[in-house]
file start.cif (mmCIF, C-alpha atoms)
data_entry
#
loop_
_atom_site.group_PDB
_atom_site.id
_atom_site.type_symbol
_atom_site.label_atom_id
_atom_site.label_comp_id
_atom_site.auth_asym_id
_atom_site.auth_seq_id
_atom_site.Cartn_x
_atom_site.Cartn_y
_atom_site.Cartn_z
ATOM 1 C CA MET A 1 0.000 0.000 0.000
ATOM 2 C CA ILE A 2 1.405 3.412 -0.988
ATOM 3 C CA THR A 3 0.832 5.887 1.855
ATOM 4 C CA ILE A 4 0.345 9.524 0.885
ATOM 5 C CA VAL A 5 0.229 12.942 2.551
ATOM 6 C CA ILE A 6 -1.341 15.773 0.507
ATOM 7 C CA ALA A 7 -0.518 19.449 1.104
ATOM 8 C CA GLU A 8 -2.852 21.915 -0.632
ATOM 9 C CA ASP A 9 -4.271 25.179 0.715
ATOM 10 C CA GLN A 10 -7.486 25.071 -1.357
ATOM 11 C CA GLN A 11 -9.802 22.924 0.774
ATOM 12 C CA MET A 12 -12.015 21.743 -2.077
ATOM 13 C CA LEU A 13 -9.044 20.574 -4.122
ATOM 14 C CA LEU A 14 -7.479 18.952 -1.058
ATOM 15 C CA GLY A 15 -10.684 16.955 -0.457
ATOM 16 C CA ALA A 16 -11.062 16.014 -4.136
ATOM 17 C CA LEU A 17 -7.452 14.838 -4.449
ATOM 18 C CA GLY A 18 -7.799 12.765 -1.282
ATOM 19 C CA SER A 19 -11.002 11.090 -2.485
ATOM 20 C CA LEU A 20 -9.533 10.447 -5.929
ATOM 21 C CA LEU A 21 -6.391 8.762 -4.626
ATOM 22 C CA ASN A 22 -8.275 6.720 -2.011
ATOM 23 C CA LEU A 23 -10.233 5.143 -4.908
ATOM 24 C CA GLU A 24 -6.989 3.473 -6.074
ATOM 25 C CA ASP A 25 -6.649 -0.062 -4.653
ATOM 26 C CA ASP A 26 -2.983 0.356 -3.821
ATOM 27 C CA MET A 27 -3.062 3.877 -2.306
ATOM 28 C CA LYS A 28 -4.119 5.352 1.019
ATOM 29 C CA VAL A 29 -4.150 9.046 1.937
ATOM 30 C CA VAL A 30 -2.948 9.095 5.559
ATOM 31 C CA GLY A 31 -2.769 12.863 6.086
ATOM 32 C CA LYS A 32 -3.882 16.204 4.657
ATOM 33 C CA ALA A 33 -2.195 19.552 5.263
ATOM 34 C CA GLY A 34 -3.415 23.057 4.434
ATOM 35 C CA ASN A 35 0.070 24.609 4.347
ATOM 36 C CA GLY A 36 3.775 23.817 4.121
ATOM 37 C CA VAL A 37 4.421 23.882 7.880
ATOM 38 C CA GLU A 38 1.685 21.276 8.507
ATOM 39 C CA ALA A 39 3.000 19.200 5.593
ATOM 40 C CA VAL A 40 6.526 18.967 7.058
ATOM 41 C CA SER A 41 5.137 18.069 10.483
ATOM 42 C CA LEU A 42 2.759 15.393 9.071
ATOM 43 C CA VAL A 43 5.479 13.790 6.948
ATOM 44 C CA LYS A 44 7.847 13.604 9.929
ATOM 45 C CA THR A 45 5.109 12.087 12.131
ATOM 46 C CA LEU A 46 3.361 9.740 9.670
ATOM 47 C CA LYS A 47 6.399 8.825 7.504
ATOM 48 C CA PRO A 48 4.374 8.348 4.277
ATOM 49 C CA ASP A 49 5.905 6.989 1.066
ATOM 50 C CA VAL A 50 4.877 10.089 -0.902
ATOM 51 C CA CYS A 51 3.977 13.714 -0.171
ATOM 52 C CA ILE A 52 2.049 15.598 -2.867
ATOM 53 C CA MET A 53 2.686 19.299 -2.453
ATOM 54 C CA ASP A 54 1.263 22.493 -3.925
ATOM 55 C CA ILE A 55 3.757 25.384 -4.277
ATOM 56 C CA GLU A 56 1.951 28.538 -3.197
ATOM 57 C CA MET A 57 0.771 27.888 0.363
ATOM 58 C CA PRO A 58 0.732 30.052 3.500
ATOM 59 C CA GLY A 59 3.366 29.662 6.235
ATOM 60 C CA LYS A 60 5.829 27.804 4.076
ATOM 61 C CA THR A 61 5.719 27.248 0.325
ATOM 62 C CA GLY A 62 5.784 23.760 -1.149
ATOM 63 C CA LEU A 63 9.344 24.394 -2.347
ATOM 64 C CA GLU A 64 10.522 25.403 1.149
ATOM 65 C CA ALA A 65 8.767 22.345 2.609
ATOM 66 C CA ALA A 66 10.404 20.103 -0.032
ATOM 67 C CA GLU A 67 13.809 21.538 0.941
ATOM 68 C CA ASP A 68 13.047 20.730 4.616
ATOM 69 C CA LEU A 69 12.062 17.165 3.699
ATOM 70 C CA LYS A 70 15.130 16.433 1.560
ATOM 71 C CA GLU A 71 16.494 13.971 4.140
ATOM 72 C CA ALA A 72 13.105 12.655 5.346
ATOM 73 C CA GLY A 73 13.041 9.564 3.116
ATOM 74 C CA CYS A 74 9.669 10.573 1.647
ATOM 75 C CA LYS A 75 9.314 11.137 -2.080
ATOM 76 C CA VAL A 76 7.971 14.641 -2.788
ATOM 77 C CA ILE A 77 5.780 15.360 -5.809
ATOM 78 C CA ILE A 78 5.064 19.005 -6.610
ATOM 79 C CA LEU A 79 1.560 19.390 -8.065
ATOM 80 C CA THR A 80 1.021 22.963 -9.214
ATOM 81 C CA THR A 81 -0.575 25.261 -11.778
ATOM 82 C CA PHE A 82 2.787 27.019 -12.269
ATOM 83 C CA ALA A 83 4.921 25.854 -15.178
ATOM 84 C CA ARG A 84 7.714 28.289 -14.276
ATOM 85 C CA SER A 85 11.278 27.260 -14.920
ATOM 86 C CA GLY A 86 12.519 29.065 -11.777
ATOM 87 C CA TYR A 87 10.174 27.053 -9.565
ATOM 88 C CA PHE A 88 11.138 23.884 -11.411
ATOM 89 C CA GLN A 89 14.858 24.511 -10.943
ATOM 90 C CA ARG A 90 14.350 25.105 -7.211
ATOM 91 C CA ALA A 91 12.288 21.913 -7.011
ATOM 92 C CA LEU A 92 15.082 19.950 -8.717
ATOM 93 C CA LYS A 93 17.635 21.364 -6.238
ATOM 94 C CA ALA A 94 15.332 20.304 -3.392
ATOM 95 C CA GLY A 95 15.445 16.763 -4.792
ATOM 96 C CA VAL A 96 11.751 16.358 -5.623
ATOM 97 C CA SER A 97 10.832 13.125 -7.408
ATOM 98 C CA GLY A 98 8.036 14.611 -9.500
ATOM 99 C CA TYR A 99 6.792 17.958 -10.779
ATOM 100 C CA LEU A 100 3.332 17.703 -12.311
ATOM 101 C CA LEU A 101 0.820 20.272 -13.462
ATOM 102 C CA LYS A 102 -2.723 20.420 -12.088
ATOM 103 C CA ASP A 103 -4.238 20.331 -15.545
ATOM 104 C CA SER A 104 -2.848 16.806 -16.136
ATOM 105 C CA PRO A 105 -5.471 14.007 -16.325
ATOM 106 C CA SER A 106 -6.201 12.410 -12.923
ATOM 107 C CA GLU A 107 -5.164 8.893 -14.031
ATOM 108 C CA GLU A 108 -1.750 10.351 -14.886
ATOM 109 C CA LEU A 109 -1.299 11.363 -11.228
ATOM 110 C CA ALA A 110 -1.945 7.832 -9.956
ATOM 111 C CA SER A 111 0.395 6.234 -12.509
ATOM 112 C CA SER A 112 3.062 8.875 -11.763
ATOM 113 C CA ILE A 113 2.822 8.071 -8.031
ATOM 114 C CA ARG A 114 3.378 4.369 -8.793
ATOM 115 C CA SER A 115 6.368 5.099 -11.037
ATOM 116 C CA ILE A 116 7.906 7.487 -8.501
ATOM 117 C CA THR A 117 7.441 4.984 -5.679
ATOM 118 C CA ALA A 118 9.314 2.481 -7.875
ATOM 119 C CA GLY A 119 12.255 4.895 -8.053
ATOM 120 C CA LYS A 120 11.586 6.866 -11.239
ATOM 121 C CA ARG A 121 11.496 10.651 -11.523
ATOM 122 C CA ILE A 122 8.657 12.284 -13.470
ATOM 123 C CA TYR A 123 8.587 15.903 -14.620
ATOM 124 C CA ALA A 124 5.990 17.694 -16.755
ATOM 125 C CA PRO A 125 7.403 17.662 -20.315
ATOM 126 C CA GLU A 126 6.658 21.367 -20.893
ATOM 127 C CA LEU A 127 9.177 22.232 -18.167
ATOM 128 C CA MET A 128 12.032 20.195 -19.574
ATOM 129 C CA ASP A 129 12.311 22.509 -22.609
ATOM 130 C CA ASP A 130 12.634 25.626 -20.438
ATOM 131 C CA VAL A 131 15.013 24.412 -17.820
ATOM 132 C CA TYR A 132 18.107 24.103 -19.956
ATOM 133 C CA GLY A 133 17.640 27.343 -21.871
ATOM 134 C CA GLU A 134 17.387 29.822 -19.011
ATOM 135 C CA GLU A 135 20.759 31.016 -17.738
ATOM 136 C CA ASN A 136 20.978 34.157 -15.631
ATOM 137 C CA PRO A 137 22.644 36.787 -17.885
ATOM 138 C CA LEU A 138 23.775 38.977 -14.955
ATOM 139 C CA THR A 139 27.323 39.096 -13.604
ATOM 140 C CA ASP A 140 27.912 38.394 -9.887
ATOM 141 C CA ARG A 141 28.197 42.141 -9.216
ATOM 142 C CA GLU A 142 24.922 42.867 -11.071
ATOM 143 C CA LYS A 143 23.205 40.085 -9.114
ATOM 144 C CA ALA A 144 24.466 41.608 -5.850
ATOM 145 C CA VAL A 145 23.112 45.041 -6.857
ATOM 146 C CA LEU A 146 19.706 43.615 -7.825
ATOM 147 C CA GLU A 147 19.436 41.625 -4.574
ATOM 148 C CA LEU A 148 20.092 44.814 -2.593
ATOM 149 C CA VAL A 149 17.445 46.634 -4.677
ATOM 150 C CA ALA A 150 15.045 43.768 -3.850
ATOM 151 C CA ASP A 151 15.887 44.239 -0.149
ATOM 152 C CA GLY A 152 14.528 47.791 -0.463
ATOM 153 C CA LYS A 153 17.872 49.605 -0.365
ATOM 154 C CA ASN A 154 18.227 52.916 -2.236
ATOM 155 C CA THR A 155 21.072 53.879 -4.581
ATOM 156 C CA LYS A 156 23.158 55.513 -1.820
ATOM 157 C CA GLU A 157 22.760 52.544 0.568
ATOM 158 C CA ILE A 158 23.764 50.127 -2.196
ATOM 159 C CA ALA A 159 26.809 52.296 -3.034
ATOM 160 C CA ASP A 160 27.854 52.347 0.649
ATOM 161 C CA GLU A 161 27.381 48.601 1.101
ATOM 162 C CA LEU A 162 29.319 47.669 -2.060
ATOM 163 C CA ARG A 163 31.855 50.514 -1.559
ATOM 164 C CA ILE A 164 31.239 52.001 -4.998
ATOM 165 C CA LYS A 165 30.012 55.371 -6.259
ATOM 166 C CA THR A 166 26.277 56.107 -6.622
ATOM 167 C CA GLY A 167 26.842 56.765 -10.351
ATOM 168 C CA THR A 168 28.295 53.242 -10.673
ATOM 169 C CA VAL A 169 25.200 51.786 -8.983
ATOM 170 C CA ARG A 170 22.991 53.654 -11.502
ATOM 171 C CA ASN A 171 25.093 52.251 -14.363
ATOM 172 C CA TYR A 172 24.712 48.719 -12.979
ATOM 173 C CA ILE A 173 20.939 49.165 -12.682
ATOM 174 C CA SER A 174 20.549 50.407 -16.274
ATOM 175 C CA THR A 175 22.710 47.457 -17.488
ATOM 176 C CA ILE A 176 20.507 45.039 -15.490
ATOM 177 C CA LEU A 177 17.320 46.492 -17.028
ATOM 178 C CA ASP A 178 18.832 46.211 -20.527
ATOM 179 C CA LYS A 179 20.012 42.631 -20.043
ATOM 180 C CA LEU A 180 16.688 41.475 -18.606
ATOM 181 C CA GLU A 181 14.754 43.509 -21.192
ATOM 182 C CA VAL A 182 12.531 45.111 -18.552
ATOM 183 C CA LYS A 183 11.370 48.693 -17.983
ATOM 184 C CA ASN A 184 12.012 49.150 -14.263
ATOM 185 C CA ARG A 185 13.455 47.719 -11.052
ATOM 186 C CA ILE A 186 10.184 46.061 -9.992
ATOM 187 C CA GLU A 187 9.983 44.102 -13.257
ATOM 188 C CA ALA A 188 13.645 43.088 -12.898
ATOM 189 C CA ILE A 189 13.002 41.769 -9.378
ATOM 190 C CA THR A 190 9.792 39.964 -10.416
ATOM 191 C CA GLN A 191 11.455 38.283 -13.384
ATOM 192 C CA SER A 192 14.472 37.182 -11.327
ATOM 193 C CA LYS A 193 12.186 35.697 -8.650
ATOM 194 C CA GLU A 194 10.062 33.840 -11.205
ATOM 195 C CA LYS A 195 13.130 32.367 -12.873
ATOM 196 C CA GLY A 196 14.550 31.290 -9.511
ATOM 197 C CA TRP A 197 17.661 33.479 -9.850
ATOM 198 C CA PHE A 198 17.622 34.889 -6.334
ATOM 199 C CA LYS A 199 19.344 32.875 -3.622
#
call {"tool": "encode", "arguments": {"input": "start.cif", "output": "structure tokens"}}
result
Amino acid sequence: MITIVIAEDQQMLLGALGSLLNLEDDMKVVGKAGNGVEAVSLVKTLKPDVCIMDIEMPGKTGLEAAEDLKEAGCKVIILTTFARSGYFQRALKAGVSGYLLKDSPSEELASSIRSITAGKRIYAPELMDDVYGEENPLTDREKAVLELVADGKNTKEIADELRIKTGTVRNYISTILDKLEVKNRIEAITQSKEKGWFK
């Protein structure tokens, strides 16, 4: 019997997924969590074979929970609506066994769980194309400047912290905007977060 914990903050979907998987002869949902913190706690207590995790949840995201469970001996499957390469790359680093999209057919989920339990890794095909094409074009210095911008620091504070002139900071920022092909700092930060380029 494959034991499963499901973490999903939308109650209706959580209930539906649980009912669906319990219909399979070889699967049993042993726990349901409404956020990432509960998911980590349930997995550590119940020691299921598999934890199916949404990404965007309160308290702790599915990716943060997957990172926490890296050594827990439970196979983590991310089930999300987000086909973003940054999320996918973070999930790979966290050692997840599967990354599936919510619009996949339900029978695909059950067969993926069986394959993953048998030691395979399964990732949504639409993500595989993205993941190898997206390298961060920024230099280490440009990344440092953008991370300080994201922390809410102004040009002078960034200049002081990096021991450079304010004019140099402005030059870095305009280079960053050009390289990322965005109009302003907010778009640069958003794009870098979505692509998983921030630490």
call {"tool": "closest_residue", "arguments": {"input": "start.cif", "among": "A:Glu38, A:Glu56, A:Glu24, A:Asp178", "to": "A:Leu138", "atoms": "all atoms listed in the file"}}
result
A:Asp178
call {"tool": "closest_residue", "arguments": {"input": "start.cif", "among": "A:Ala72, A:Phe82, A:Lys32, A:Asn171", "to": "A:Ser19", "atoms": "only C-alpha atoms"}}
result
A:Lys32
call {"tool": "residues_around", "arguments": {"input": "start.cif", "residues": "stretch 61-67 of chain A", "least_positions_apart": "5", "cutoff": "8 Å", "atoms": "all atoms listed in the file", "output": "VMD selection string"}}
result
chain A and resid 7 35 to 37 39 to 40 53 to 56 76 78 87 90 to 91 94 to 96
call {"tool": "closest_atom_pairs", "arguments": {"input": "start.cif", "of": "stretch 33-92 of chain A", "to": "stretch 186-197 of chain A", "cutoff": "9 Å", "atoms": "all atoms listed in the file", "output": "JSON lines"}}
result
{"residue": "A:Arg84", "atom": "CA", "partner": "A:Glu194", "partner_atom": "CA", "distance": 6.8}
{"residue": "A:Ser85", "atom": "CA", "partner": "A:Lys195", "partner_atom": "CA", "distance": 5.8}
{"residue": "A:Gly86", "atom": "CA", "partner": "A:Lys195", "partner_atom": "CA", "distance": 3.5}
{"residue": "A:Tyr87", "atom": "CA", "partner": "A:Gly196", "partner_atom": "CA", "distance": 6.1}
{"residue": "A:Phe88", "atom": "CA", "partner": "A:Gly196", "partner_atom": "CA", "distance": 8.4}
{"residue": "A:Gln89", "atom": "CA", "partner": "A:Gly196", "partner_atom": "CA", "distance": 6.9}
{"residue": "A:Arg90", "atom": "CA", "partner": "A:Gly196", "partner_atom": "CA", "distance": 6.6}
call {"tool": "resolve_selection", "arguments": {"input": "start.cif", "expression": "the PyMOL selection byres ((chain A and resi 44) around 12)", "output": "PyMOL selection string"}}
result
chain A and resi 5+31+37-43+45-51+65+68-74
call {"tool": "resolve_selection", "arguments": {"input": "start.cif", "expression": "the PyMOL selection byres ((chain A and resi 103-118) around 10)", "output": "PyMOL selection string"}}
result
chain A and resi 2+4+17+20-21+24+26-27+49-52+74-77+79-81+97-102+119-124
call {"tool": "atom_distance", "arguments": {"input": "start.cif", "atom1": "atom CA of A:Leu180", "atom2": "atom CA of A:Pro58"}}
result
29.6 Å
call {"tool": "closest_residue", "arguments": {"input": "start.cif", "among": "A:Leu162, A:Ile6, A:Val169, A:Ile176", "to": "A:Lys143", "atoms": "all atoms listed in the file"}}
result
A:Ile176
call {"tool": "residues_around", "arguments": {"input": "start.cif", "residues": "A:Gly18", "least_positions_apart": "4", "cutoff": "7 Å", "atoms": "all atoms listed in the file", "output": "mmCIF file with C-alpha atoms, in the coordinates of the input"}}
result
data_model
loop_
_atom_site.group_PDB
_atom_site.id
_atom_site.type_symbol
_atom_site.label_atom_id
_atom_site.label_comp_id
_atom_site.auth_asym_id
_atom_site.auth_seq_id
_atom_site.Cartn_x
_atom_site.Cartn_y
_atom_site.Cartn_z
ATOM 1 C CA LEU A 14 -7.479 18.952 -1.058
ATOM 2 C CA ASN A 22 -8.275 6.720 -2.011
ATOM 3 C CA VAL A 29 -4.150 9.046 1.937
#
call {"tool": "atom_distance", "arguments": {"input": "start.cif", "atom1": "atom CA of A:Met57", "atom2": "atom CA of A:Ala16"}}
result
17.4 Å
call {"tool": "axis_aligned_box", "arguments": {"input": "start.cif", "around": "stretch 56-59 of chain A", "padding_each_side": "5 Å", "output": "JSON"}}
result
{"center_x": 2.0, "center_y": 29.0, "center_z": 1.5, "size_x": 12.6, "size_y": 12.2, "size_z": 19.4}
call {"tool": "closest_residue", "arguments": {"input": "start.cif", "among": "A:Lys28, A:Arg170, A:Lys93, A:Lys60", "to": "A:Thr155", "atoms": "all atoms listed in the file"}}
result
A:Arg170
call {"tool": "resolve_selection", "arguments": {"input": "start.cif", "expression": "the PyMOL selection byres ((chain A and resi 147) around 10)", "output": "JSON, numbers by chain"}}
result
{"A": [141, 142, 143, 144, 145, 146, 148, 149, 150, 151, 152, 153, 158, 189, 192, 197, 198, 199]}
call {"tool": "atom_distance", "arguments": {"input": "start.cif", "atom1": "atom CA of A:Thr3", "atom2": "atom CA of A:Leu92"}}
result
22.6 Å
call {"tool": "build_atoms", "arguments": {"input": "start.cif", "residues": "stretch 102-115 of chain A", "atoms": "N, CA and C atoms", "output": "JSON list (two decimals), in the frame of the given file"}}
result
[["chain", "number", "residue", "atom", "x", "y", "z"],
["A", 102, "LYS", "N", -1.36, 20.76, -12.52],
["A", 102, "LYS", "CA", -2.72, 20.42, -12.09],
["A", 102, "LYS", "C", -3.67, 20.16, -13.24],
["A", 103, "ASP", "N", -3.31, 20.60, -14.44],
["A", 103, "ASP", "CA", -4.24, 20.33, -15.54],
["A", 103, "ASP", "C", -3.96, 18.97, -16.21],
["A", 104, "SER", "N", -3.07, 18.16, -15.60],
["A", 104, "SER", "CA", -2.85, 16.81, -16.14],
["A", 104, "SER", "C", -4.07, 15.95, -15.82],
["A", 105, "PRO", "N", -4.34, 14.90, -16.63],
["A", 105, "PRO", "CA", -5.47, 14.01, -16.32],
["A", 105, "PRO", "C", -5.24, 13.28, -14.99],
["A", 106, "SER", "N", -6.34, 12.99, -14.26],
["A", 106, "SER", "CA", -6.20, 12.41, -12.92],
["A", 106, "SER", "C", -5.52, 11.03, -12.94],
["A", 107, "GLU", "N", -5.80, 10.23, -14.00],
["A", 107, "GLU", "CA", -5.16, 8.89, -14.03],
["A", 107, "GLU", "C", -3.64, 9.00, -14.17],
["A", 108, "GLU", "N", -3.20, 10.14, -14.75],
["A", 108, "GLU", "CA", -1.75, 10.35, -14.89],
["A", 108, "GLU", "C", -1.10, 10.53, -13.52],
["A", 109, "LEU", "N", -1.83, 11.16, -12.58],
["A", 109, "LEU", "CA", -1.30, 11.36, -11.23],
["A", 109, "LEU", "C", -1.07, 10.02, -10.55],
["A", 110, "ALA", "N", -2.08, 9.15, -10.60],
["A", 110, "ALA", "CA", -1.94, 7.83, -9.96],
["A", 110, "ALA", "C", -0.79, 7.03, -10.57],
["A", 111, "SER", "N", -0.68, 7.02, -11.90],
["A", 111, "SER", "CA", 0.40, 6.23, -12.51],
["A", 111, "SER", "C", 1.76, 6.86, -12.22],
["A", 112, "SER", "N", 1.80, 8.21, -12.13],
["A", 112, "SER", "CA", 3.06, 8.88, -11.76],
["A", 112, "SER", "C", 3.48, 8.50, -10.35],
["A", 113, "ILE", "N", 2.51, 8.45, -9.42],
["A", 113, "ILE", "CA", 2.82, 8.07, -8.03],
["A", 113, "ILE", "C", 3.43, 6.66, -8.00],
["A", 114, "ARG", "N", 2.84, 5.74, -8.76],
["A", 114, "ARG", "CA", 3.38, 4.37, -8.79],
["A", 114, "ARG", "C", 4.81, 4.35, -9.34],
["A", 115, "SER", "N", 5.02, 5.08, -10.43],
["A", 115, "SER", "CA", 6.37, 5.10, -11.04],
["A", 115, "SER", "C", 7.39, 5.71, -10.09]]
